[in-house]
Structures are given as C-alpha cells and as structure tokens.
$ cat input_36.txt   # compact mmCIF, C-alpha atoms
# COMPACT_ATOMS: atom_id res chain seq x y z
CA MET A 1 -28.66 -18.17 -5.57
CA CYS A 2 -27.71 -14.78 -7.00
CA VAL A 3 -27.83 -11.32 -5.58
CA ASP A 4 -30.96 -9.33 -6.41
CA ALA A 5 -30.41 -7.22 -9.53
CA THR A 6 -30.53 -3.84 -7.80
CA PRO A 7 -28.41 -0.84 -8.73
CA PRO A 8 -25.28 -0.02 -6.72
CA PRO A 9 -25.80 2.22 -3.69
CA SER A 10 -25.56 5.96 -3.99
CA PRO A 11 -22.35 7.30 -2.41
CA SER A 12 -24.16 10.47 -1.34
CA LEU A 13 -26.58 8.52 0.82
CA THR A 14 -24.31 6.47 3.04
CA ARG A 15 -20.67 7.47 2.66
CA ARG A 16 -20.84 9.70 5.74
CA GLY A 17 -22.41 7.00 7.86
CA VAL A 18 -19.89 4.41 6.69
CA LEU A 19 -17.03 6.76 7.55
CA ALA A 20 -18.48 7.51 10.97
CA GLY A 21 -18.74 3.81 11.80
CA ALA A 22 -15.29 3.10 10.42
CA ALA A 23 -13.88 6.00 12.42
CA ALA A 24 -15.24 4.50 15.63
CA LEU A 25 -13.65 1.15 14.78
CA ALA A 26 -10.38 2.86 13.87
CA GLY A 27 -10.34 4.61 17.24
CA THR A 28 -10.88 8.16 16.00
CA ALA A 29 -13.80 10.45 15.29
CA ALA A 30 -11.68 12.85 13.28
CA VAL A 31 -13.26 11.94 9.95
CA THR A 32 -16.96 12.49 10.52
CA GLY A 33 -17.15 16.09 9.35
CA THR A 34 -18.15 17.67 6.09
CA ALA A 35 -14.91 16.89 4.27
CA ALA A 36 -15.39 13.16 4.84
CA ALA A 37 -18.80 13.31 3.22
CA ALA A 38 -17.59 15.29 0.23
CA ALA A 39 -17.08 13.74 -3.18
CA PRO A 40 -13.54 12.37 -3.77
CA ASP A 41 -12.49 15.20 -6.08
CA ARG A 42 -13.53 17.77 -3.47
CA ARG A 43 -12.02 16.00 -0.44
CA GLU A 44 -8.43 16.62 -1.44
CA ALA A 45 -9.04 20.34 -1.99
CA ALA A 46 -10.96 20.60 1.28
CA ALA A 47 -8.14 18.89 3.16
CA HIS A 48 -5.71 21.55 1.96
CA ALA A 49 -8.00 24.54 2.49
CA PRO A 50 -6.95 27.10 5.15
CA GLY A 51 -7.78 25.91 8.63
CA ARG A 52 -8.55 22.35 7.56
CA ALA A 53 -5.47 20.18 7.16
CA ARG A 54 -2.46 20.70 9.33
CA SER A 55 0.80 21.00 7.43
CA GLY A 56 4.16 22.45 8.25
CA ASP A 57 6.92 24.83 7.27
CA LEU A 58 10.30 23.28 7.94
CA VAL A 59 13.92 23.46 6.83
CA ILE A 60 15.96 20.25 6.97
CA ARG A 61 19.56 21.41 7.00
CA GLY A 62 22.83 19.53 6.77
CA GLY A 63 23.18 15.83 6.11
CA THR A 64 23.36 13.87 2.88
CA LEU A 65 20.35 13.90 0.54
CA LEU A 66 19.62 10.89 -1.66
CA ASP A 67 17.29 11.24 -4.66
CA PRO A 68 16.09 7.69 -5.44
CA ALA A 69 14.91 8.71 -8.91
CA THR A 70 18.39 9.63 -10.13
CA GLY A 71 20.65 8.08 -7.51
CA GLU A 72 22.19 11.53 -6.99
CA VAL A 73 23.77 12.13 -3.60
CA THR A 74 24.06 15.71 -2.30
CA GLU A 75 26.34 16.42 0.63
CA ASP A 76 25.60 19.24 3.09
CA ALA A 77 22.06 19.46 1.74
CA VAL A 78 19.05 21.58 2.58
CA VAL A 79 15.35 20.84 2.00
CA VAL A 80 12.88 23.72 2.30
CA ILE A 81 9.27 22.70 3.00
CA GLU A 82 6.43 25.21 2.88
CA GLY A 83 2.82 24.32 3.59
CA GLY A 84 3.66 20.65 3.63
CA SER A 85 5.32 20.59 0.19
CA VAL A 86 8.94 20.87 -0.94
CA ARG A 87 9.76 24.35 -2.24
CA ALA A 88 13.42 23.63 -2.93
CA ALA A 89 16.14 21.05 -2.27
CA GLY A 90 19.86 21.10 -2.98
CA ARG A 91 23.27 21.91 -1.61
CA LEU A 92 23.40 24.43 1.22
CA GLY A 93 24.24 27.82 -0.27
CA SER A 94 22.48 27.07 -3.56
CA VAL A 95 19.00 27.16 -2.02
CA ALA A 96 17.40 30.21 -0.41
CA VAL A 97 16.50 29.45 3.20
CA PRO A 98 13.61 31.49 4.64
CA ASP A 99 13.96 33.25 7.98
CA GLY A 100 11.90 32.35 11.00
CA VAL A 101 11.19 28.78 9.97
CA GLU A 102 11.77 25.76 12.20
CA VAL A 103 15.07 24.05 11.38
CA LEU A 104 15.68 20.32 11.72
CA ASP A 105 19.41 19.69 12.04
CA ALA A 106 20.40 16.71 9.87
CA HIS A 107 24.18 16.95 10.15
CA GLY A 108 25.69 13.46 10.19
CA ARG A 109 22.43 11.95 8.87
CA TRP A 110 21.18 10.78 5.50
CA ILE A 111 17.98 12.35 4.21
CA LEU A 112 15.56 10.30 2.10
CA PRO A 113 11.99 10.88 1.00
CA GLY A 114 9.34 9.26 3.15
CA LEU A 115 8.82 5.60 2.32
CA THR A 116 5.74 3.91 0.85
CA ASP A 117 4.24 0.64 2.10
CA ALA A 118 2.27 -0.69 -0.86
CA HIS A 119 0.50 -3.46 1.10
CA ILE A 120 -0.54 -2.84 4.69
CA HIS A 121 -3.70 -3.39 6.74
CA LEU A 122 -4.39 -0.33 8.91
CA SER A 123 -7.47 -0.82 11.08
CA THR A 124 -6.78 1.57 13.97
CA ALA A 125 -5.43 5.04 14.55
CA ALA A 126 -2.65 3.53 16.67
CA GLU A 127 -1.49 1.33 13.78
CA ALA A 128 -1.54 4.32 11.44
CA ARG A 129 0.62 6.38 13.83
CA THR A 130 3.08 3.51 14.21
CA ALA A 131 3.42 3.12 10.44
CA VAL A 132 4.23 6.82 10.01
CA ARG A 133 6.77 6.86 12.83
CA GLN A 134 8.52 3.89 11.22
CA GLY A 135 8.90 5.85 8.00
CA ALA A 136 5.84 4.84 5.93
CA THR A 137 4.50 8.28 5.06
CA SER A 138 2.45 6.86 2.16
CA ALA A 139 0.71 3.51 1.87
CA ARG A 140 -1.82 1.35 0.07
CA SER A 141 -4.30 -0.66 2.09
CA GLY A 142 -4.63 -4.40 1.62
CA SER A 143 -8.28 -4.12 2.81
CA THR A 144 -9.99 -3.95 6.20
CA SER A 145 -13.08 -5.70 7.53
CA PHE A 146 -15.27 -2.65 8.16
CA TYR A 147 -13.92 0.19 5.98
CA GLN A 148 -11.52 1.36 8.69
CA ASP A 149 -8.91 2.12 6.04
CA ILE A 150 -11.22 4.70 4.45
CA ALA A 151 -11.46 6.42 7.81
CA VAL A 152 -7.68 6.29 8.22
CA ARG A 153 -7.29 7.89 4.80
CA GLU A 154 -9.53 10.77 5.87
CA LEU A 155 -7.61 11.11 9.14
CA ALA A 156 -4.41 11.49 7.14
CA ARG A 157 -5.95 14.28 5.07
CA HIS A 158 -6.90 16.24 8.17
CA SER A 159 -3.97 15.39 10.44
CA PRO A 160 -1.12 14.04 8.28
CA GLU A 161 1.18 13.52 11.25
CA LEU A 162 -1.21 10.82 12.51
CA ALA A 163 -1.42 8.57 9.45
CA PRO A 164 0.19 7.79 6.11
CA ARG A 165 -1.18 9.23 2.89
CA LEU A 166 -3.37 6.24 2.02
CA ARG A 167 -4.95 4.51 -0.93
CA ALA A 168 -7.85 2.62 0.66
CA ALA A 169 -9.16 -0.76 -0.53
CA GLY A 170 -12.29 -1.01 1.62
CA VAL A 171 -13.45 -4.60 2.16
CA PHE A 172 -12.01 -7.75 0.60
CA VAL A 173 -13.64 -9.31 -2.48
CA THR A 174 -13.41 -12.90 -1.27
CA PRO A 175 -15.70 -15.95 -1.43
CA ASP A 176 -16.44 -15.89 2.31
CA LEU A 177 -17.03 -12.38 3.63
CA GLY A 178 -17.83 -13.61 7.14
CA ASP A 179 -18.84 -10.78 9.48
CA THR A 180 -17.85 -8.23 6.85
CA VAL A 181 -21.41 -8.59 5.49
CA LEU A 182 -22.32 -6.50 8.55
CA ALA A 183 -20.09 -3.66 7.40
CA ASP A 184 -22.71 -2.29 5.05
CA PRO A 185 -26.47 -2.82 4.58
CA ASP A 186 -25.87 -3.30 0.86
CA LEU A 187 -23.61 -6.28 1.59
CA THR A 188 -25.96 -8.15 3.93
CA PRO A 189 -27.93 -9.90 1.11
CA LEU A 190 -24.71 -11.75 0.30
CA ALA A 191 -24.98 -13.63 3.62
CA ARG A 192 -27.69 -15.88 2.15
CA LEU A 193 -25.55 -17.11 -0.76
CA ALA A 194 -24.88 -20.79 -0.13
CA GLU A 195 -21.66 -20.78 -2.18
CA GLY A 196 -20.49 -17.35 -1.08
CA VAL A 197 -19.40 -14.47 -3.27
CA ARG A 198 -18.80 -16.32 -6.54
CA SER A 199 -21.46 -15.40 -9.09
CA ALA A 200 -20.86 -12.51 -11.48
CA GLU A 201 -23.65 -10.56 -9.76
CA ALA A 202 -22.18 -11.07 -6.29
CA LEU A 203 -18.67 -10.15 -7.40
CA ARG A 204 -19.92 -6.97 -9.04
CA ARG A 205 -21.95 -6.11 -5.95
CA VAL A 206 -18.94 -6.16 -3.61
CA VAL A 207 -16.87 -4.09 -6.04
CA GLU A 208 -19.66 -1.56 -6.57
CA VAL A 209 -20.38 -1.17 -2.85
CA ASN A 210 -16.68 -0.66 -2.16
CA LEU A 211 -16.38 2.03 -4.80
CA ALA A 212 -19.58 3.74 -3.71
CA ARG A 213 -18.17 3.96 -0.20
CA GLY A 214 -15.00 5.65 -1.46
CA ALA A 215 -12.44 2.86 -2.01
CA ASP A 216 -9.47 3.88 -4.16
CA VAL A 217 -8.54 0.34 -5.20
CA ILE A 218 -10.09 -3.13 -5.07
CA LYS A 219 -8.51 -6.08 -3.25
CA THR A 220 -9.29 -9.69 -4.14
CA ARG A 221 -7.69 -13.12 -3.97
CA VAL A 222 -7.04 -16.04 -6.26
CA ASN A 223 -5.62 -18.46 -3.65
CA GLU A 224 -6.29 -19.38 -0.06
CA ARG A 225 -4.28 -17.79 2.76
CA ALA A 226 -0.74 -18.75 3.75
CA GLY A 227 -1.16 -17.38 7.27
CA LEU A 228 -3.87 -19.85 8.32
CA PRO A 229 -2.57 -23.39 8.98
CA GLU A 230 -5.90 -24.97 8.01
CA GLN A 231 -5.77 -23.44 4.52
CA ASP A 232 -3.63 -24.44 1.55
CA PRO A 233 -2.30 -21.31 -0.18
CA LEU A 234 -1.91 -23.20 -3.45
CA VAL A 235 -5.64 -23.94 -3.67
CA GLN A 236 -7.38 -21.60 -6.13
CA VAL A 237 -10.62 -19.93 -5.00
CA TYR A 238 -11.48 -17.78 -8.04
CA SER A 239 -11.22 -18.67 -11.73
CA TYR A 240 -9.88 -16.51 -14.53
CA GLU A 241 -13.47 -15.63 -15.47
CA GLN A 242 -14.34 -14.55 -11.93
CA LEU A 243 -11.19 -12.46 -11.64
CA ALA A 244 -11.93 -10.83 -15.00
CA GLU A 245 -15.39 -9.91 -13.72
CA ILE A 246 -13.84 -8.18 -10.69
CA VAL A 247 -11.32 -6.33 -12.83
CA ALA A 248 -13.98 -5.20 -15.29
CA ALA A 249 -16.23 -3.90 -12.51
CA ALA A 250 -13.33 -1.91 -11.03
CA ARG A 251 -12.20 -0.57 -14.40
CA ARG A 252 -15.64 0.81 -15.14
CA ARG A 253 -14.92 3.27 -12.34
CA GLY A 254 -11.29 3.78 -13.27
CA LYS A 255 -9.89 1.68 -10.42
CA GLY A 256 -7.24 -1.01 -10.31
CA VAL A 257 -7.17 -4.39 -8.53
CA LEU A 258 -4.54 -5.93 -6.28
CA CYS A 259 -4.69 -9.71 -5.99
CA HIS A 260 -3.56 -12.05 -3.20
CA SER A 261 -1.90 -14.98 -4.97
CA TYR A 262 0.52 -17.87 -4.53
CA SER A 263 0.23 -20.66 -7.11
CA GLU A 264 1.62 -20.28 -10.64
CA LYS A 265 -1.77 -20.96 -12.26
CA GLY A 266 -3.45 -18.55 -9.89
CA CYS A 267 -0.84 -15.88 -10.58
CA HIS A 268 -1.18 -16.36 -14.34
CA ASP A 269 -4.99 -16.22 -14.23
CA ALA A 270 -4.85 -13.04 -12.14
CA VAL A 271 -2.33 -11.29 -14.38
CA THR A 272 -4.08 -12.20 -17.64
CA ALA A 273 -7.40 -11.11 -16.11
CA GLY A 274 -5.91 -7.64 -15.90
CA ILE A 275 -5.00 -6.98 -12.27
CA ARG A 276 -2.81 -3.97 -11.48
CA SER A 277 -0.54 -5.73 -8.98
CA LEU A 278 0.25 -9.27 -7.88
CA GLU A 279 0.57 -9.67 -4.10
CA HIS A 280 2.77 -12.35 -2.46
CA GLY A 281 3.16 -14.49 -5.61
CA ALA A 282 5.65 -16.99 -4.18
CA PHE A 283 5.32 -19.52 -7.00
CA VAL A 284 4.90 -17.11 -9.89
CA GLY A 285 6.53 -18.63 -12.97
CA GLU A 286 8.61 -17.25 -15.80
CA ARG A 287 5.75 -17.16 -18.32
CA THR A 288 3.70 -15.06 -15.92
CA LEU A 289 6.62 -12.74 -15.17
CA HIS A 290 7.06 -12.14 -18.89
CA GLU A 291 3.34 -11.36 -19.12
CA MET A 292 3.66 -8.97 -16.16
CA ARG A 293 6.50 -7.14 -17.85
CA ARG A 294 4.50 -6.84 -21.06
CA ARG A 295 1.45 -5.50 -19.26
CA GLY A 296 3.28 -3.37 -16.68
CA THR A 297 1.76 -5.42 -13.84
CA TYR A 298 3.46 -4.73 -10.51
CA PHE A 299 4.81 -7.38 -8.16
CA THR A 300 4.42 -6.74 -4.41
CA PRO A 301 6.01 -9.83 -2.86
CA THR A 302 5.52 -8.95 0.84
CA LEU A 303 8.73 -10.74 1.81
CA THR A 304 8.35 -9.44 5.37
CA ALA A 305 5.12 -11.37 5.87
CA ILE A 306 6.53 -14.61 4.47
CA ALA A 307 9.69 -14.25 6.57
CA GLY A 308 7.42 -13.75 9.58
CA LEU A 309 5.74 -17.09 8.96
CA ALA A 310 9.06 -18.85 9.45
CA GLU A 311 9.09 -17.50 13.03
CA ALA A 312 5.50 -18.53 13.80
CA PRO A 313 4.91 -20.79 16.83
CA ASP A 314 2.59 -22.98 14.75
CA PRO A 315 4.76 -25.71 13.13
CA VAL A 316 2.70 -25.75 9.90
CA LEU A 317 3.13 -22.01 9.41
CA ALA A 318 6.81 -22.11 10.37
CA GLU A 319 7.54 -24.83 7.82
CA ARG A 320 5.50 -22.96 5.22
CA GLY A 321 7.52 -19.81 5.82
CA ARG A 322 10.85 -21.65 5.63
CA THR A 323 9.77 -23.28 2.37
CA PHE A 324 8.18 -20.25 0.71
CA LEU A 325 10.76 -17.57 1.54
CA PRO A 326 13.68 -18.81 -0.62
CA VAL A 327 11.24 -19.54 -3.47
CA LEU A 328 9.82 -16.03 -3.22
CA LYS A 329 13.27 -14.46 -3.13
CA ARG A 330 14.16 -16.27 -6.34
CA ALA A 331 10.92 -15.00 -7.89
CA VAL A 332 11.79 -11.43 -6.85
CA ARG A 333 15.25 -11.72 -8.35
CA ALA A 334 13.80 -13.16 -11.60
CA ALA A 335 11.22 -10.37 -11.74
CA TYR A 336 13.91 -7.74 -11.24
CA GLU A 337 16.13 -9.18 -13.95
CA LEU A 338 13.20 -9.28 -16.40
CA GLY A 339 12.22 -5.69 -15.66
CA VAL A 340 8.94 -6.40 -13.85
CA PRO A 341 8.11 -3.35 -11.68
CA LEU A 342 8.47 -4.10 -7.97
CA ALA A 343 6.85 -2.43 -4.97
CA ALA A 344 7.60 -2.89 -1.28
CA GLY A 345 4.82 -3.93 1.08
CA THR A 346 4.93 -5.49 4.53
CA ASP A 347 1.39 -6.97 4.69
CA SER A 348 1.33 -5.86 8.32
CA SER A 349 -1.94 -6.67 10.09
CA GLY A 350 -3.49 -7.66 13.36
CA GLY A 351 -2.01 -4.81 15.39
CA ILE A 352 1.62 -5.57 14.48
CA VAL A 353 3.16 -2.99 12.15
CA ASP A 354 6.44 -4.04 10.61
CA PRO A 355 8.80 -1.27 9.44
CA ILE A 356 8.74 -0.84 5.69
CA GLY A 357 12.51 -0.65 5.87
CA ARG A 358 12.49 -4.37 6.66
CA GLU A 359 10.93 -5.06 3.26
CA VAL A 360 13.66 -3.02 1.57
CA GLU A 361 16.24 -5.04 3.49
CA LEU A 362 14.68 -8.29 2.25
CA MET A 363 14.55 -6.96 -1.32
CA ARG A 364 18.27 -6.35 -1.02
CA SER A 365 18.85 -9.87 0.30
CA ALA A 366 16.88 -11.22 -2.68
CA GLY A 367 19.54 -9.79 -4.97
CA LEU A 368 18.51 -6.24 -5.81
CA PRO A 369 21.22 -3.55 -5.72
CA ALA A 370 20.77 -1.22 -2.76
CA LEU A 371 19.48 1.73 -4.80
CA ASP A 372 16.93 -0.41 -6.64
CA ALA A 373 15.80 -1.97 -3.36
CA ILE A 374 15.25 1.56 -2.01
CA ARG A 375 13.29 2.44 -5.14
CA THR A 376 10.77 -0.33 -4.40
CA ALA A 377 9.69 1.72 -1.35
CA THR A 378 10.04 5.16 -2.95
CA THR A 379 9.69 5.90 -6.67
CA GLY A 380 8.46 2.42 -7.63
CA ALA A 381 5.79 2.12 -4.97
CA ALA A 382 4.72 5.73 -5.54
CA ARG A 383 4.16 5.00 -9.22
CA LEU A 384 2.02 1.97 -8.38
CA LEU A 385 -0.15 4.11 -6.10
CA GLY A 386 -0.48 6.89 -8.67
CA LEU A 387 1.61 9.17 -6.45
CA GLU A 388 4.63 9.54 -8.73
CA ARG A 389 4.29 13.33 -8.67
CA THR A 390 3.69 13.44 -4.92
CA ALA A 391 5.79 10.83 -3.12
CA GLY A 392 9.13 9.08 -3.55
CA ARG A 393 11.38 12.15 -3.99
CA LEU A 394 12.35 15.32 -2.16
CA ALA A 395 12.09 17.69 -5.11
CA ARG A 396 10.13 20.85 -5.78
CA GLY A 397 6.39 20.24 -5.68
CA PHE A 398 6.64 16.85 -3.95
CA ALA A 399 5.25 16.13 -0.50
CA GLY A 400 7.33 17.32 2.42
CA ASP A 401 7.78 13.78 3.75
CA ALA A 402 11.25 12.61 4.78
CA VAL A 403 13.17 10.10 6.85
CA LEU A 404 16.48 10.86 8.53
CA LEU A 405 18.82 7.91 8.85
CA ASP A 406 21.84 7.26 11.04
CA GLY A 407 23.95 5.80 8.24
CA ASP A 408 24.38 5.37 4.50
CA PRO A 409 21.48 3.26 3.09
CA LEU A 410 23.45 2.58 -0.09
CA ALA A 411 26.03 0.78 2.05
CA ASP A 412 23.60 -0.79 4.51
CA VAL A 413 19.87 -0.68 3.74
CA SER A 414 19.06 -1.95 7.24
CA VAL A 415 19.31 1.65 8.49
CA LEU A 416 15.88 2.14 6.90
CA THR A 417 14.35 -0.10 9.56
CA ARG A 418 15.13 2.46 12.28
CA PRO A 419 14.70 6.08 11.14
CA VAL A 420 16.15 8.66 13.52
CA ARG A 421 13.44 11.20 12.61
CA VAL A 422 10.41 11.21 10.34
CA VAL A 423 8.88 14.27 8.69
CA ARG A 424 5.28 14.13 7.46
CA ALA A 425 3.90 17.06 5.42
CA GLY A 426 6.55 19.35 6.91
CA ILE A 427 5.82 18.26 10.47
CA ALA A 428 8.81 16.76 12.29
CA LEU A 429 7.71 13.79 14.41
$ encode --input "input_36.txt" --output "structure tokens"
Amino acid sequence: MCVDATPPPSPSLTRRGVLAGAAALAGTAAVTGTAAAAAPDRREAAAHAPGRARSGDLVIRGGTLLDPATGEVTEDAVVVIEGGSVRAAGRLGSVAVPDGVEVLDAHGRWILPGLTDAHIHLSTAAEARTAVRQGATSARSGSTSFYQDIAVRELARHSPELAPRLRAAGVFVTPDLGDTVLADPDLTPLARLAEGVRSAEALRRVVEVNLARGADVIKTRVNERAGLPEQDPLVQVYSYEQLAEIVAAARRRGKGVLCHSYSEKGCHDAVTAGIRSLEHGAFVGERTLHEMRRRGTYFTPTLTAIAGLAEAPDPVLAERGRTFLPVLKRAVRAAYELGVPLAAGTDSSGGIVDPIGREVELMRSAGLPALDAIRTATTGAARLLGLERTAGRLARGFAGDAVLLDGDPLADVSVLTRPVRVVRAGIAL
C-alpha cells in the first residue's frame, strides 16, 4: 500500500503548532512566539534583532589562543566579543580593548573556539544546556522522535546560553516510524503501511513533512541499529534506490542527508546515492572511502558511542562494542590518510550527554595528530554544518563562542573533555 498522492503540507499552516508541541516535549515554552513561526530566512534576522536574542559583550584576556584553521598559537592573547560576535583577536597590546566591558581572565588557560558536535540527539532543554556547558556550542541533530530538536534550535536563537547553535534533523526517515507517526498529522497515514516506510511515495512524504516543519537536514539509515541487542547492524534496511529517493527529495529543497550505516555494502550504497555524511560506518571499505574523498562526503564515526557499547551491561552489546571499536578506529585512520573529511560527533542520546571532547580524544587515539583531531570538532565539523564562516575559529566576524582549558590540547587532547569555562555568544557560563 502506498501513501495517498497528496501535496506536502504547507509550512505556514502547522510549523507554529509543531514547534509548540516540540517545545513542551523539550521542556521549554521559549519557542512558541512569532519568531518560531517565521520563515527560515526571517528567523535568523529576528533572533538577532534588538530585544530578541540575548548576546554578550566580553573580553577574554590572557591565556594562549589556538586557531585550529592555521595551527597558530598566540601567547598572552585577547579576544574581544561584541554583540555575541568576535570583533578582534590577537596578542594583548595589538588589539584595542574597550572600556567598561566584562573581562574573563584566562591567564594560565588555553583558549579555543567553541566545539561542534556533528551528531547528537537533543530532546530536552536540560540536555541542550549540558551539551553547551561541556563545550559543544554548535551541533547537528541526529533526529528526534517529535521534532524536539527544532524547538531546541529556536531556543538557541533566543537564549544562546541555553543551547548549542543547532542544525535540526526533525524525525528519522526509517522503515518503522513507531510512535513518531503521532508527531504530525501528515505522518499518520504512514501507520497503515504494512511494510513500513519503504515505497518511493512514503520516503518522499517523510522527507517533505520534515522540511515543511523546518528541518535543516534529513537523517536516514541504511543498516539496523548497533545499540539494540536484538538487531544486527550489518543487516541492510534500505536499498541504493531507496536511499537515492531520499537524497533526491532532500536536494529538491537544497538539503543534505546524513545516513546511519555500518556494513560495507550499506556504506557504499549510501555514499553513491549522494548522502552528505556517513554516520558510524564501522565496516566502511577502501573503495567507499575513495568514493567519499572524490565526492567530498564526510565521515562522522561517532567513536564515543561505539566505545560506550563496550561498557554496556548487556553482553551482546558489550561484545559488539569491543569488536567494532578497533575496526572503526582503523577506518578513521584510513579515511584520514586518504583525505576523507572527518567530523566529530558523540551520538549522545537518551538523557546522557557525552562531552564532545571525548570524541576528539578518540580521534587522537585512532591515529590523528592532535591538531587534526581538534579540527574534527572545530573547522571540519563547522564546514559540514555549513557554519564555516560562523563557528570553528575565534577570528573577526565569527561567533563569540569559546572554551577555556586547563592545559595544552596539542600536548594532551583530553583537556577538551573538561573545559574550565565556556563562552556562548559572548556570555560566560
């Protein structure tokens, strides 16, 4: 049975209601105003209008500034943030410091731009706050069940100290939507499909509803889940043709697709179908990595999540984690050596938010040099999210997001797992 051939929903009719419901699920009503109902190109401007978004004026003074883009290290540095954006950064004495502005003393610390978690599931306001305080000032959602990530994105635009700058994925394009069919009236007809979301019409429907509700990216899968002991993550659930249908539907609206994947065939089908980034990808092979390099497809290995499986109380999951982790680390090292772009993502979910610094630490243990491991959570991840002119550096015009560290991350990247202070849009947390 196919979905009725009806046009996609109008975003002007239900976006506000979807955001209101998602806000309630996320534990905040901060996104139900006019700005949340505005069209995407107007929301950003509204968030930065006087009296709307909170942002800060701050001077970070002293300490050692690292620019991940160049690798340049500046001793005794100063970063001047005005209205939530960097006005100037450099050595103290070479940068004009305004009077009467709050000063954050960074002497004895290292100063880095805020980090980016390129794969995280944020379903509540509490999770969003935790992510920011652990240094993830920007992020990309890996989907939520009821559009909570779209509400979190709006929360971040109004109150940046409460949530990361977020690229939202909306709901998962997956064969079995489960209770997610209740997230939206335009999804409920899918509940009657005996074989689930598999036909071209059904796949397009989920993509179109997501985009009408304001999703920035589309999330799908090619394999079953590794985190459920009853599933086999090497079993393929979508074919190349189905994945290509999802990609085409997203591209018609100028959006990219991130794809949950494990098996080599699944990874290859996803990459050749045109996805923007491969998620997990433990058994990705050399031919697929070469194809990823040619296409510029990103690899987000979520090493943190796989390492977490090895510590699971369930013996099936623990053995899976112990088996997959060394394989995935070898894949990361091979990808790096071939020049495949890498992005850091924790795949945090279920109320547990892992520090993005842990993913950088695991990238380092996979064989990346420290600076390149740091880049996977700064310049590299920012580029994947389309934020290369906003996040990943502390330079003029970039976001006033920073982490202060109690040690040299080039000598020991583990210091990124425990920031001493975090600054979000010029607001010291």
$ residues_near_point --input "input_36.txt" --point "(-16.9, -14.1, 0.0)" --cutoff "8 Å" --atoms "all atoms listed in the file" --output "list in words"
Val173, Thr174, Pro175, Asp176, Leu177, Gly178, Gly196, Val197 and Arg198 of chain A
$ residues_around --input "input_36.txt" --residues "Leu325 of chain A" --least-positions-apart "4" --cutoff "7 Å" --atoms "all atoms listed in the file" --output "JSON, numbers by chain"
{"A": [306, 307, 321, 329]}
$ residues_around --input "input_36.txt" --residues "segment 245-260 of chain A" --least-positions-apart "2" --cutoff "8 Å" --atoms "all atoms listed in the file" --output "number ranges by chain"
A: 200, 203-204, 207-208, 211, 216-223, 241-243, 262, 270, 273-281
$ atom_distance --input "input_36.txt" --atom1 "atom CA of Val360 of chain A" --atom2 "atom CA of Thr390 of chain A"
20.3 Å
$ closest_residue --input "input_36.txt" --among "A:Ala156, A:Asp408, A:Pro185, A:Gly308" --to "Glu75 of chain A" --atoms "only C-alpha atoms"
A:Asp408
